[in-house]
>>> print(open('data_27.csv').read())   # CSV, C-alpha atoms
chain,number,residue,atom,x,y,z
A,127,MET,CA,0.0,0.0,0.0
A,128,THR,CA,1.1,3.6,-0.7
A,129,THR,CA,1.1,6.2,1.9
A,130,PRO,CA,-1.9,8.6,1.4
A,131,ILE,CA,-1.0,12.2,0.5
A,132,PRO,CA,-1.9,14.6,3.3
A,133,ARG,CA,-4.6,17.1,2.5
A,134,ASP,CA,-3.1,20.0,4.5
A,135,ILE,CA,0.5,20.8,3.8
A,136,PRO,CA,2.0,23.5,6.0
A,137,ASP,CA,3.3,26.6,4.3
A,138,LEU,CA,7.1,26.8,4.1
A,139,PRO,CA,8.7,29.8,5.7
A,140,ALA,CA,9.9,32.5,3.4
A,141,ILE,CA,13.7,32.7,2.9
A,142,PRO,CA,14.9,35.9,4.6
A,143,GLY,CA,16.5,38.5,2.3
A,144,MET,CA,14.9,37.2,-0.9
A,145,PRO,CA,12.1,39.5,-2.2
A,146,ALA,CA,9.4,37.9,-4.3
A,147,LEU,CA,9.9,40.3,-7.2
A,148,LEU,CA,13.2,41.9,-8.0
A,149,PRO,CA,12.9,45.5,-9.2
A,150,SER,CA,14.5,46.2,-12.6
A,151,ALA,CA,16.2,49.3,-13.8
A,152,VAL,CA,14.0,50.7,-16.5
A,153,PRO,CA,14.8,54.1,-17.9
A,154,ALA,CA,12.1,56.8,-17.5
A,155,THR,CA,11.9,57.3,-21.2
A,156,ALA,CA,10.6,53.8,-21.6
A,157,VAL,CA,7.4,54.7,-19.8
A,158,VAL,CA,6.9,58.2,-21.3
A,159,ALA,CA,4.6,58.5,-24.2
A,160,PRO,CA,6.2,59.8,-27.5
A,161,VAL,CA,5.8,63.6,-28.0
A,162,ARG,CA,4.9,65.4,-31.2
A,163,ARG,CA,7.6,67.7,-32.7
A,164,PRO,CA,5.7,70.3,-34.7
A,165,LEU,CA,8.6,72.6,-35.2
A,166,ALA,CA,10.7,69.8,-36.7
A,167,ALA,CA,7.8,68.7,-38.8
A,168,ALA,CA,7.3,72.3,-40.1
A,169,TYR,CA,11.0,72.7,-40.9
A,170,ARG,CA,11.2,69.5,-42.8
A,171,LEU,CA,8.1,70.3,-44.8
A,172,LEU,CA,9.6,73.6,-45.8
A,173,VAL,CA,12.8,71.8,-46.9
A,174,ALA,CA,10.6,69.4,-49.0
A,175,LEU,CA,8.8,72.3,-50.6
A,176,ALA,CA,12.0,74.1,-51.4
A,177,ALA,CA,13.5,71.0,-53.0
A,178,ALA,CA,10.3,70.4,-55.0
A,179,ALA,CA,10.2,74.1,-56.1
A,180,ALA,CA,13.9,74.0,-57.3
A,181,VAL,CA,13.3,70.8,-59.3
A,182,THR,CA,10.1,72.1,-60.8
A,183,ILE,CA,11.8,75.3,-62.0
A,184,ASP,CA,14.5,73.3,-63.7
A,185,LEU,CA,11.9,71.1,-65.3
A,186,LEU,CA,10.0,74.1,-66.6
A,187,LEU,CA,13.1,75.8,-68.0
A,188,GLY,CA,14.8,72.8,-69.6
A,189,SER,CA,14.2,69.4,-71.1
A,190,PRO,CA,12.6,67.2,-68.5
A,191,ALA,CA,14.5,64.1,-69.6
A,192,ARG,CA,17.8,65.9,-69.4
A,193,VAL,CA,17.0,67.7,-66.1
A,194,LEU,CA,16.0,64.4,-64.4
A,195,SER,CA,19.3,62.9,-65.4
A,196,TYR,CA,21.3,65.2,-63.2
A,197,PHE,CA,22.6,63.8,-59.9
A,198,SER,CA,21.7,67.0,-58.1
A,199,ILE,CA,18.1,66.8,-59.3
A,200,GLN,CA,17.8,63.1,-58.3
A,201,SER,CA,19.3,63.8,-54.8
A,202,ALA,CA,16.9,66.8,-54.4
A,203,ILE,CA,13.9,64.6,-55.2
A,204,LEU,CA,15.1,62.0,-52.7
A,205,LEU,CA,15.6,64.8,-50.1
A,206,ALA,CA,12.0,66.0,-50.7
A,207,LEU,CA,10.5,62.6,-50.3
A,208,VAL,CA,12.5,61.8,-47.1
A,209,SER,CA,11.7,65.2,-45.6
A,210,VAL,CA,8.0,64.7,-46.1
A,211,LEU,CA,8.1,61.3,-44.5
A,212,SER,CA,10.2,62.6,-41.6
A,213,ALA,CA,7.9,65.5,-41.1
A,214,LYS,CA,4.9,63.2,-40.9
A,215,ARG,CA,6.6,61.1,-38.3
A,216,ALA,CA,7.7,64.1,-36.2
A,217,TRP,CA,4.1,65.4,-36.4
A,218,SER,CA,2.5,62.1,-35.4
A,219,ALA,CA,5.1,61.3,-32.7
A,220,ARG,CA,6.2,58.1,-34.5
A,221,ARG,CA,9.7,56.7,-34.6
A,222,PRO,CA,12.1,58.5,-36.9
A,223,LEU,CA,13.1,57.1,-40.3
A,224,PRO,CA,16.0,54.7,-40.3
A,225,ALA,CA,19.3,56.4,-40.0
A,226,ALA,CA,20.6,54.5,-43.0
A,227,LEU,CA,18.1,56.3,-45.2
A,228,THR,CA,18.5,59.8,-43.7
A,229,GLY,CA,22.3,59.4,-43.7
A,230,ALA,CA,22.4,58.4,-47.3
A,231,THR,CA,20.1,61.4,-48.3
A,232,LEU,CA,22.4,63.8,-46.3
A,233,LEU,CA,25.5,62.4,-48.1
A,234,TYR,CA,24.0,62.7,-51.6
A,235,VAL,CA,22.9,66.3,-51.3
A,236,LEU,CA,26.3,67.1,-49.8
A,237,LEU,CA,28.0,65.4,-52.7
A,238,ALA,CA,25.9,67.3,-55.2
A,239,GLY,CA,26.8,70.6,-53.5
A,240,SER,CA,30.5,69.8,-53.0
A,241,VAL,CA,31.1,68.6,-56.6
A,242,TYR,CA,29.4,71.7,-57.9
A,243,HIS,CA,31.3,74.2,-55.8
A,244,LEU,CA,34.7,72.5,-55.9
A,245,LEU,CA,34.8,71.3,-59.5
A,246,LEU,CA,32.0,72.6,-61.7
A,247,ALA,CA,31.6,76.2,-60.6
A,248,ASP,CA,35.3,76.9,-60.1
A,249,ALA,CA,36.7,78.3,-63.3
A,250,THR,CA,40.3,77.2,-62.4
A,251,THR,CA,39.5,73.5,-62.5
A,252,PRO,CA,39.7,71.4,-65.7
A,253,PHE,CA,36.1,70.3,-65.2
A,254,SER,CA,34.6,73.7,-64.8
A,255,MET,CA,31.2,74.3,-66.5
A,256,THR,CA,31.4,78.1,-66.2
A,257,GLY,CA,34.1,78.8,-68.8
A,258,GLY,CA,32.8,80.4,-71.9
A,259,THR,CA,29.2,80.4,-70.8
A,260,ALA,CA,27.1,83.2,-69.2
A,261,PRO,CA,26.1,82.5,-65.6
A,262,PRO,CA,22.5,81.6,-65.0
A,263,THR,CA,20.1,84.4,-64.1
A,264,GLY,CA,16.6,84.8,-62.8
A,265,TRP,CA,14.7,81.7,-61.9
A,266,GLN,CA,17.5,79.5,-63.2
A,267,ALA,CA,20.0,81.1,-60.9
A,268,LEU,CA,17.5,80.8,-58.0
A,269,ALA,CA,17.0,77.1,-58.6
A,270,ASN,CA,20.8,76.6,-59.1
A,271,HIS,CA,21.6,78.1,-55.7
A,272,ALA,CA,18.8,76.2,-54.0
A,273,LEU,CA,20.0,72.9,-55.4
A,274,HIS,CA,23.7,73.2,-54.7
A,275,THR,CA,23.8,75.5,-51.7
A,276,GLY,CA,20.5,75.9,-49.9
A,277,LEU,CA,19.4,72.3,-49.8
A,278,PRO,CA,22.8,71.0,-48.5
A,279,ILE,CA,22.8,73.6,-45.8
A,280,ALA,CA,19.2,72.8,-44.9
A,281,ALA,CA,20.0,69.0,-44.7
A,282,VAL,CA,23.0,69.7,-42.4
A,283,VAL,CA,20.9,71.9,-40.1
A,284,ASP,CA,18.3,69.1,-39.8
A,285,TRP,CA,21.0,66.6,-39.0
A,286,LEU,CA,22.7,68.8,-36.4
A,287,PHE,CA,19.8,70.3,-34.6
A,288,LEU,CA,16.7,68.1,-35.1
A,289,THR,CA,18.1,64.6,-35.2
A,290,ALA,CA,19.5,62.5,-32.4
A,291,PRO,CA,23.1,61.5,-32.8
A,292,GLY,CA,24.7,58.1,-33.0
A,293,GLY,CA,22.4,56.6,-35.6
A,294,PHE,CA,24.9,56.4,-38.5
A,295,ARG,CA,26.9,53.1,-38.7
A,296,LEU,CA,30.3,52.7,-40.3
A,297,ARG,CA,29.2,49.5,-42.1
A,298,ARG,CA,26.6,51.6,-43.9
A,299,ALA,CA,29.2,54.0,-45.4
A,300,ALA,CA,30.1,51.6,-48.2
A,301,ASN,CA,26.4,50.8,-48.9
A,302,TRP,CA,25.7,54.6,-49.4
A,303,LEU,CA,28.1,54.5,-52.4
A,304,LEU,CA,25.8,52.1,-54.3
A,305,PHE,CA,23.7,55.0,-55.6
A,306,PRO,CA,26.7,57.0,-57.0
A,307,LEU,CA,28.0,53.8,-58.6
A,308,ALA,CA,24.6,53.2,-60.2
A,309,TYR,CA,24.6,56.8,-61.4
A,310,LEU,CA,28.0,56.2,-63.0
A,311,ALA,CA,26.6,53.2,-64.9
A,312,PHE,CA,23.5,55.3,-65.8
A,313,SER,CA,25.8,58.0,-67.2
A,314,PHE,CA,27.7,55.5,-69.4
A,315,THR,CA,24.5,53.9,-70.6
A,316,ARG,CA,22.9,57.2,-71.4
A,317,GLY,CA,25.9,58.4,-73.3
A,318,GLU,CA,26.0,55.2,-75.4
A,319,LEU,CA,22.3,55.5,-76.3
A,320,LEU,CA,22.6,59.1,-77.4
A,321,LEU,CA,24.1,59.8,-80.8
A,322,PRO,CA,27.6,61.2,-80.9
A,323,GLY,CA,27.6,65.0,-81.1
A,324,THR,CA,24.3,65.3,-79.1
A,325,PRO,CA,24.5,68.3,-76.7
A,326,ALA,CA,25.1,67.3,-73.1
A,327,ARG,CA,25.6,63.7,-74.1
A,328,TYR,CA,27.6,63.4,-70.9
A,329,LEU,CA,26.2,65.8,-68.3
A,330,TYR,CA,29.4,66.2,-66.2
A,331,PRO,CA,32.8,67.0,-67.7
A,332,PHE,CA,34.6,64.5,-65.5
A,333,LEU,CA,32.4,61.8,-66.9
A,334,ASP,CA,32.7,62.9,-70.6
A,335,VAL,CA,33.9,59.8,-72.4
A,336,ASP,CA,34.1,61.7,-75.7
A,337,LEU,CA,36.7,64.1,-74.3
A,338,HIS,CA,38.7,61.9,-71.9
A,339,GLY,CA,38.0,58.3,-72.9
A,340,TYR,CA,36.9,55.5,-70.6
A,341,LYS,CA,40.3,55.1,-69.0
A,342,SER,CA,40.5,58.6,-67.7
A,343,VAL,CA,36.8,58.8,-66.8
A,344,LEU,CA,37.1,55.6,-64.8
A,345,ALA,CA,40.1,57.1,-63.0
A,346,ASN,CA,38.2,60.2,-62.3
A,347,ALA,CA,35.3,58.1,-61.0
A,348,LEU,CA,37.7,56.1,-58.7
A,349,LEU,CA,39.1,59.3,-57.2
A,350,LEU,CA,35.7,60.7,-56.7
A,351,GLY,CA,34.5,57.5,-55.2
A,352,LEU,CA,37.3,57.5,-52.6
A,353,SER,CA,36.5,61.1,-51.8
A,354,PHE,CA,32.8,60.2,-51.4
A,355,TYR,CA,33.7,57.3,-49.0
A,356,ALA,CA,35.9,59.6,-47.0
A,357,LEU,CA,33.1,62.0,-46.6
A,358,ALA,CA,30.7,59.2,-45.6
A,359,VAL,CA,33.1,58.0,-42.9
A,360,LEU,CA,33.5,61.6,-41.7
A,361,LEU,CA,29.8,62.0,-41.4
A,362,VAL,CA,29.6,58.8,-39.3
A,363,ALA,CA,32.4,60.0,-37.0
A,364,LEU,CA,30.8,63.4,-36.5
A,365,ASP,CA,27.4,61.8,-35.9
A,366,HIS,CA,28.9,59.9,-32.9
A,367,ALA,CA,30.9,62.8,-31.6
A,368,ARG,CA,28.4,65.6,-31.8
A,369,PRO,CA,26.1,66.5,-28.8
A,370,ASN,CA,22.5,65.5,-28.6
A,371,PRO,CA,20.2,68.4,-29.4
A,372,LEU,CA,17.2,66.5,-28.1
A,373,ARG,CA,18.7,65.5,-24.7
A,374,HIS,CA,17.3,68.5,-22.8
A,375,ARG,CA,13.8,68.0,-24.2
A,376,ALA,CA,14.0,64.2,-23.6
A,377,HIS,CA,15.1,64.8,-20.0
A,378,HIS,CA,12.3,67.2,-19.4
A,379,ARG,CA,9.8,64.7,-20.7
A,380,ALA,CA,11.2,62.0,-18.6
A,381,LYS,CA,10.6,64.1,-15.4
A,382,THR,CA,6.9,64.3,-16.3
A,383,GLY,CA,6.4,60.5,-16.5
A,384,PHE,CA,6.7,57.6,-14.1
A,385,ARG,CA,10.1,57.4,-12.6
A,386,LEU,CA,11.3,53.9,-11.9
A,387,GLN,CA,14.2,53.7,-9.5
A,388,PRO,CA,17.0,51.2,-9.8
A,389,PRO,CA,17.3,48.6,-7.1
A,390,VAL,CA,19.2,49.6,-3.9
A,391,GLY,CA,22.1,47.5,-2.8
>>> encode(input="data_27.csv", output="structure tokens")
Amino acid sequence: MTTPIPRDIPDLPAIPGMPALLPSAVPATAVVAPVRRPLAAAYRLLVALAAAAAVTIDLLLGSPARVLSYFSIQSAILLALVSVLSAKRAWSARRPLPAALTGATLLYVLLAGSVYHLLLADATTPFSMTGGTAPPTGWQALANHALHTGLPIAAVVDWLFLTAPGGFRLRRAANWLLFPLAYLAFSFTRGELLLPGTPARYLYPFLDVDLHGYKSVLANALLLGLSFYALAVLLVALDHARPNPLRHRAHHRAKTGFRLQPPVG
């Protein structure tokens, strides 16, 4: 026969010094509801409108197929789209766009502005586009300055003052060069499809195969690619070194929510 199980089992004494539930250290921001950022949303919407206006002016004043083939136009369109999405997320208190996307957009508009001012607009460089031609005036000049000066500055301001730091990753720097590499292939393909002697067969002098040949153009592309990668690495380093412009506001919001204290002892 087996021994019957007793109906009443006495409670075991609690082990001293062992709480039933151990408190966990949870940051205050984890229990604070997201906050809308209307100023950031308004600024990004203005940037998107400025980019769209500059692209529209160029489309109205030139051949749409040719205008849309410029790297600066393509980067401006990307900036407009990303700015609209970022503005919507800031207005609705949603998580920001992935830093890989915003970092790539920042890099592309900086590349467009840097190449223009350092190579294309400087009459002393062998790739200048200003020699022998009258400078743009009127609406064309306005769009030109917006694309190559205003939009890069606006993107940098957004990055420095409206975006939390530390989002860029070094492993993404090489991936950001895929778009310039694709544009190089597009430039070669476009040049081969157009008849020799067609005006602006190659949109940029340093990519002009008719003048320099493929060997020199590929050498130019390699030097530019290395410079682009160096700029991407610099952006990543600066993104991790710069102060957080949102820290004060985040700290203020944390004080208004539940404050969970870390365990003592």
>>> atom_distance(input="data_27.csv", atom1="atom CA of Ala269 of chain A", atom2="atom CA of Ile183 of chain A")
6.5 Å
>>> closest_residue(input="data_27.csv", among="A:Ala311, A:Leu288, A:Ala326, A:Ala345", to="Pro369 of chain A", atoms="all atoms listed in the file")
A:Leu288
>>> closest_atom_pairs(input="data_27.csv", of="segment 221-296 of chain A", to="segment 354-368 of chain A", cutoff="6 Å", atoms="only C-alpha atoms", output="tab-separated table")
residue	atom	partner	partner_atom	distance
A:Pro291	CA	A:Asp365	CA	5.3
A:Gly292	CA	A:His366	CA	4.6
A:Phe294	CA	A:Val362	CA	5.3
>>> residues_around(input="data_27.csv", residues="segment 320-322 of chain A", least_positions_apart="6", cutoff="12 Å", atoms="only C-alpha atoms", output="PyMOL selection string")
chain A and resi 192+313-314+328-329+334-337
>>> atom_distance(input="data_27.csv", atom1="atom CA of Thr289 of chain A", atom2="atom CA of Leu268 of chain A")
28.0 Å
>>> atom_distance(input="data_27.csv", atom1="atom CA of Thr256 of chain A", atom2="atom CA of Thr275 of chain A")
16.6 Å
>>> closest_residue(input="data_27.csv", among="A:Met255, A:Ala272, A:Val235, A:Val210", to="Tyr169 of chain A", atoms="only C-alpha atoms")
A:Val210
>>> closest_residue(input="data_27.csv", among="A:Tyr234, A:His271, A:Val283, A:Ser240", to="Arg170 of chain A", atoms="only C-alpha atoms")
A:Val283
>>> residues_around(input="data_27.csv", residues="Ala226 of chain A", least_positions_apart="6", cutoff="12 Å", atoms="only C-alpha atoms", output="count of residues only")
17
>>> closest_residue(input="data_27.csv", among="A:Val343, A:Leu185, A:Val193, A:Gly229", to="Trp285 of chain A", atoms="all atoms listed in the file")
A:Gly229
>>> closest_atom_pairs(input="data_27.csv", of="segment 331-354 of chain A", to="segment 307-310 of chain A", cutoff="12 Å", atoms="only C-alpha atoms", output="CSV")
residue,atom,partner,partner_atom,distance
A:Phe332,CA,A:Leu310,CA,10.9
A:Leu333,CA,A:Leu310,CA,8.1
A:Asp334,CA,A:Leu310,CA,11.2
A:Val335,CA,A:Leu310,CA,11.7
A:Tyr340,CA,A:Leu310,CA,11.7
A:Val343,CA,A:Leu310,CA,9.9
A:Leu344,CA,A:Leu310,CA,9.3
A:Asn346,CA,A:Leu310,CA,11.0
A:Ala347,CA,A:Leu310,CA,7.8
A:Leu348,CA,A:Leu307,CA,10.0
A:Leu350,CA,A:Leu307,CA,10.5
A:Gly351,CA,A:Leu307,CA,8.2
A:Leu352,CA,A:Leu307,CA,11.7
A:Phe354,CA,A:Leu307,CA,10.8
>>> closest_residue(input="data_27.csv", among="A:Leu236, A:Leu205, A:Val161, A:Leu304", to="Ile279 of chain A", atoms="all atoms listed in the file")
A:Leu236
>>> decode(input="data_27.csv", residues="segment 324-351 of chain A", atoms="N, CA, C and O atoms", output="PDB file, in the first residue's frame")
ATOM      1  N   THR A 324      25.525  64.764 -79.763  1.00  0.00           N
ATOM      2  CA  THR A 324      24.332  65.277 -79.093  1.00  0.00           C
ATOM      3  C   THR A 324      24.738  66.214 -77.963  1.00  0.00           C
ATOM      4  O   THR A 324      25.624  65.879 -77.171  1.00  0.00           O
ATOM      5  N   PRO A 325      24.139  67.401 -77.860  1.00  0.00           N
ATOM      6  CA  PRO A 325      24.479  68.303 -76.747  1.00  0.00           C
ATOM      7  C   PRO A 325      24.227  67.640 -75.394  1.00  0.00           C
ATOM      8  O   PRO A 325      23.231  66.945 -75.204  1.00  0.00           O
ATOM      9  N   ALA A 326      25.173  67.859 -74.485  1.00  0.00           N
ATOM     10  CA  ALA A 326      25.079  67.295 -73.129  1.00  0.00           C
ATOM     11  C   ALA A 326      24.902  65.785 -73.168  1.00  0.00           C
ATOM     12  O   ALA A 326      24.125  65.215 -72.418  1.00  0.00           O
ATOM     13  N   ARG A 327      25.640  65.157 -74.075  1.00  0.00           N
ATOM     14  CA  ARG A 327      25.603  63.685 -74.116  1.00  0.00           C
ATOM     15  C   ARG A 327      26.076  63.111 -72.786  1.00  0.00           C
ATOM     16  O   ARG A 327      25.530  62.127 -72.289  1.00  0.00           O
ATOM     17  N   TYR A 328      27.103  63.709 -72.225  1.00  0.00           N
ATOM     18  CA  TYR A 328      27.559  63.401 -70.867  1.00  0.00           C
ATOM     19  C   TYR A 328      27.370  64.677 -70.049  1.00  0.00           C
ATOM     20  O   TYR A 328      27.920  65.729 -70.387  1.00  0.00           O
ATOM     21  N   LEU A 329      26.617  64.580 -68.971  1.00  0.00           N
ATOM     22  CA  LEU A 329      26.173  65.770 -68.252  1.00  0.00           C
ATOM     23  C   LEU A 329      27.281  66.437 -67.456  1.00  0.00           C
ATOM     24  O   LEU A 329      27.197  67.635 -67.175  1.00  0.00           O
ATOM     25  N   TYR A 330      28.288  65.676 -67.054  1.00  0.00           N
ATOM     26  CA  TYR A 330      29.358  66.234 -66.232  1.00  0.00           C
ATOM     27  C   TYR A 330      30.689  66.070 -66.962  1.00  0.00           C
ATOM     28  O   TYR A 330      30.966  64.999 -67.516  1.00  0.00           O
ATOM     29  N   PRO A 331      31.536  67.107 -66.975  1.00  0.00           N
ATOM     30  CA  PRO A 331      32.797  67.035 -67.726  1.00  0.00           C
ATOM     31  C   PRO A 331      33.712  65.895 -67.279  1.00  0.00           C
ATOM     32  O   PRO A 331      34.404  65.305 -68.107  1.00  0.00           O
ATOM     33  N   PHE A 332      33.745  65.584 -65.986  1.00  0.00           N
ATOM     34  CA  PHE A 332      34.636  64.519 -65.531  1.00  0.00           C
ATOM     35  C   PHE A 332      34.119  63.131 -65.908  1.00  0.00           C
ATOM     36  O   PHE A 332      34.816  62.138 -65.703  1.00  0.00           O
ATOM     37  N   LEU A 333      32.899  63.045 -66.452  1.00  0.00           N
ATOM     38  CA  LEU A 333      32.354  61.782 -66.943  1.00  0.00           C
ATOM     39  C   LEU A 333      32.213  61.773 -68.465  1.00  0.00           C
ATOM     40  O   LEU A 333      31.580  60.874 -69.013  1.00  0.00           O
ATOM     41  N   ASP A 334      32.798  62.744 -69.127  1.00  0.00           N
ATOM     42  CA  ASP A 334      32.668  62.879 -70.573  1.00  0.00           C
ATOM     43  C   ASP A 334      33.642  61.927 -71.262  1.00  0.00           C
ATOM     44  O   ASP A 334      34.849  62.196 -71.358  1.00  0.00           O
ATOM     45  N   VAL A 335      33.121  60.823 -71.755  1.00  0.00           N
ATOM     46  CA  VAL A 335      33.948  59.821 -72.425  1.00  0.00           C
ATOM     47  C   VAL A 335      34.464  60.335 -73.757  1.00  0.00           C
ATOM     48  O   VAL A 335      35.570  59.994 -74.193  1.00  0.00           O
ATOM     49  N   ASP A 336      33.688  61.184 -74.437  1.00  0.00           N
ATOM     50  CA  ASP A 336      34.127  61.718 -75.723  1.00  0.00           C
ATOM     51  C   ASP A 336      35.395  62.546 -75.579  1.00  0.00           C
ATOM     52  O   ASP A 336      36.272  62.531 -76.464  1.00  0.00           O
ATOM     53  N   LEU A 337      35.529  63.282 -74.494  1.00  0.00           N
ATOM     54  CA  LEU A 337      36.683  64.149 -74.295  1.00  0.00           C
ATOM     55  C   LEU A 337      37.868  63.425 -73.668  1.00  0.00           C
ATOM     56  O   LEU A 337      39.023  63.670 -74.030  1.00  0.00           O
ATOM     57  N   HIS A 338      37.591  62.528 -72.718  1.00  0.00           N
ATOM     58  CA  HIS A 338      38.674  61.945 -71.916  1.00  0.00           C
ATOM     59  C   HIS A 338      38.875  60.453 -72.150  1.00  0.00           C
ATOM     60  O   HIS A 338      39.929  59.927 -71.777  1.00  0.00           O
ATOM     61  N   GLY A 339      37.906  59.765 -72.719  1.00  0.00           N
ATOM     62  CA  GLY A 339      38.029  58.329 -72.881  1.00  0.00           C
ATOM     63  C   GLY A 339      37.646  57.594 -71.610  1.00  0.00           C
ATOM     64  O   GLY A 339      37.644  58.155 -70.509  1.00  0.00           O
ATOM     65  N   TYR A 340      37.332  56.307 -71.770  1.00  0.00           N
ATOM     66  CA  TYR A 340      36.869  55.530 -70.623  1.00  0.00           C
ATOM     67  C   TYR A 340      37.944  55.382 -69.547  1.00  0.00           C
ATOM     68  O   TYR A 340      37.646  55.378 -68.350  1.00  0.00           O
ATOM     69  N   LYS A 341      39.197  55.275 -69.954  1.00  0.00           N
ATOM     70  CA  LYS A 341      40.265  55.080 -68.970  1.00  0.00           C
ATOM     71  C   LYS A 341      40.358  56.265 -68.018  1.00  0.00           C
ATOM     72  O   LYS A 341      40.405  56.102 -66.788  1.00  0.00           O
ATOM     73  N   SER A 342      40.382  57.461 -68.581  1.00  0.00           N
ATOM     74  CA  SER A 342      40.473  58.648 -67.729  1.00  0.00           C
ATOM     75  C   SER A 342      39.201  58.871 -66.926  1.00  0.00           C
ATOM     76  O   SER A 342      39.259  59.272 -65.750  1.00  0.00           O
ATOM     77  N   VAL A 343      38.058  58.597 -67.541  1.00  0.00           N
ATOM     78  CA  VAL A 343      36.802  58.786 -66.831  1.00  0.00           C
ATOM     79  C   VAL A 343      36.692  57.822 -65.658  1.00  0.00           C
ATOM     80  O   VAL A 343      36.256  58.203 -64.555  1.00  0.00           O
ATOM     81  N   LEU A 344      37.109  56.577 -65.859  1.00  0.00           N
ATOM     82  CA  LEU A 344      37.074  55.612 -64.754  1.00  0.00           C
ATOM     83  C   LEU A 344      38.055  56.002 -63.655  1.00  0.00           C
ATOM     84  O   LEU A 344      37.781  55.794 -62.468  1.00  0.00           O
ATOM     85  N   ALA A 345      39.195  56.569 -64.043  1.00  0.00           N
ATOM     86  CA  ALA A 345      40.145  57.058 -63.032  1.00  0.00           C
ATOM     87  C   ALA A 345      39.534  58.218 -62.247  1.00  0.00           C
ATOM     88  O   ALA A 345      39.668  58.292 -61.008  1.00  0.00           O
ATOM     89  N   ASN A 346      38.854  59.115 -62.948  1.00  0.00           N
ATOM     90  CA  ASN A 346      38.168  60.216 -62.253  1.00  0.00           C
ATOM     91  C   ASN A 346      37.098  59.680 -61.305  1.00  0.00           C
ATOM     92  O   ASN A 346      36.944  60.162 -60.174  1.00  0.00           O
ATOM     93  N   ALA A 347      36.354  58.683 -61.787  1.00  0.00           N
ATOM     94  CA  ALA A 347      35.293  58.104 -60.962  1.00  0.00           C
ATOM     95  C   ALA A 347      35.875  57.430 -59.722  1.00  0.00           C
ATOM     96  O   ALA A 347      35.284  57.497 -58.634  1.00  0.00           O
ATOM     97  N   LEU A 348      37.028  56.788 -59.864  1.00  0.00           N
ATOM     98  CA  LEU A 348      37.656  56.141 -58.709  1.00  0.00           C
ATOM     99  C   LEU A 348      38.082  57.171 -57.670  1.00  0.00           C
ATOM    100  O   LEU A 348      37.857  56.987 -56.464  1.00  0.00           O
ATOM    101  N   LEU A 349      38.703  58.253 -58.121  1.00  0.00           N
ATOM    102  CA  LEU A 349      39.118  59.303 -57.184  1.00  0.00           C
ATOM    103  C   LEU A 349      37.915  59.937 -56.493  1.00  0.00           C
ATOM    104  O   LEU A 349      37.939  60.189 -55.276  1.00  0.00           O
ATOM    105  N   LEU A 350      36.868  60.184 -57.255  1.00  0.00           N
ATOM    106  CA  LEU A 350      35.659  60.745 -56.652  1.00  0.00           C
ATOM    107  C   LEU A 350      35.027  59.752 -55.682  1.00  0.00           C
ATOM    108  O   LEU A 350      34.541  60.146 -54.616  1.00  0.00           O
ATOM    109  N   GLY A 351      35.031  58.476 -56.050  1.00  0.00           N
ATOM    110  CA  GLY A 351      34.453  57.472 -55.159  1.00  0.00           C
ATOM    111  C   GLY A 351      35.193  57.392 -53.835  1.00  0.00           C
ATOM    112  O   GLY A 351      34.570  57.268 -52.770  1.00  0.00           O
TER     113      GLY A 351
END
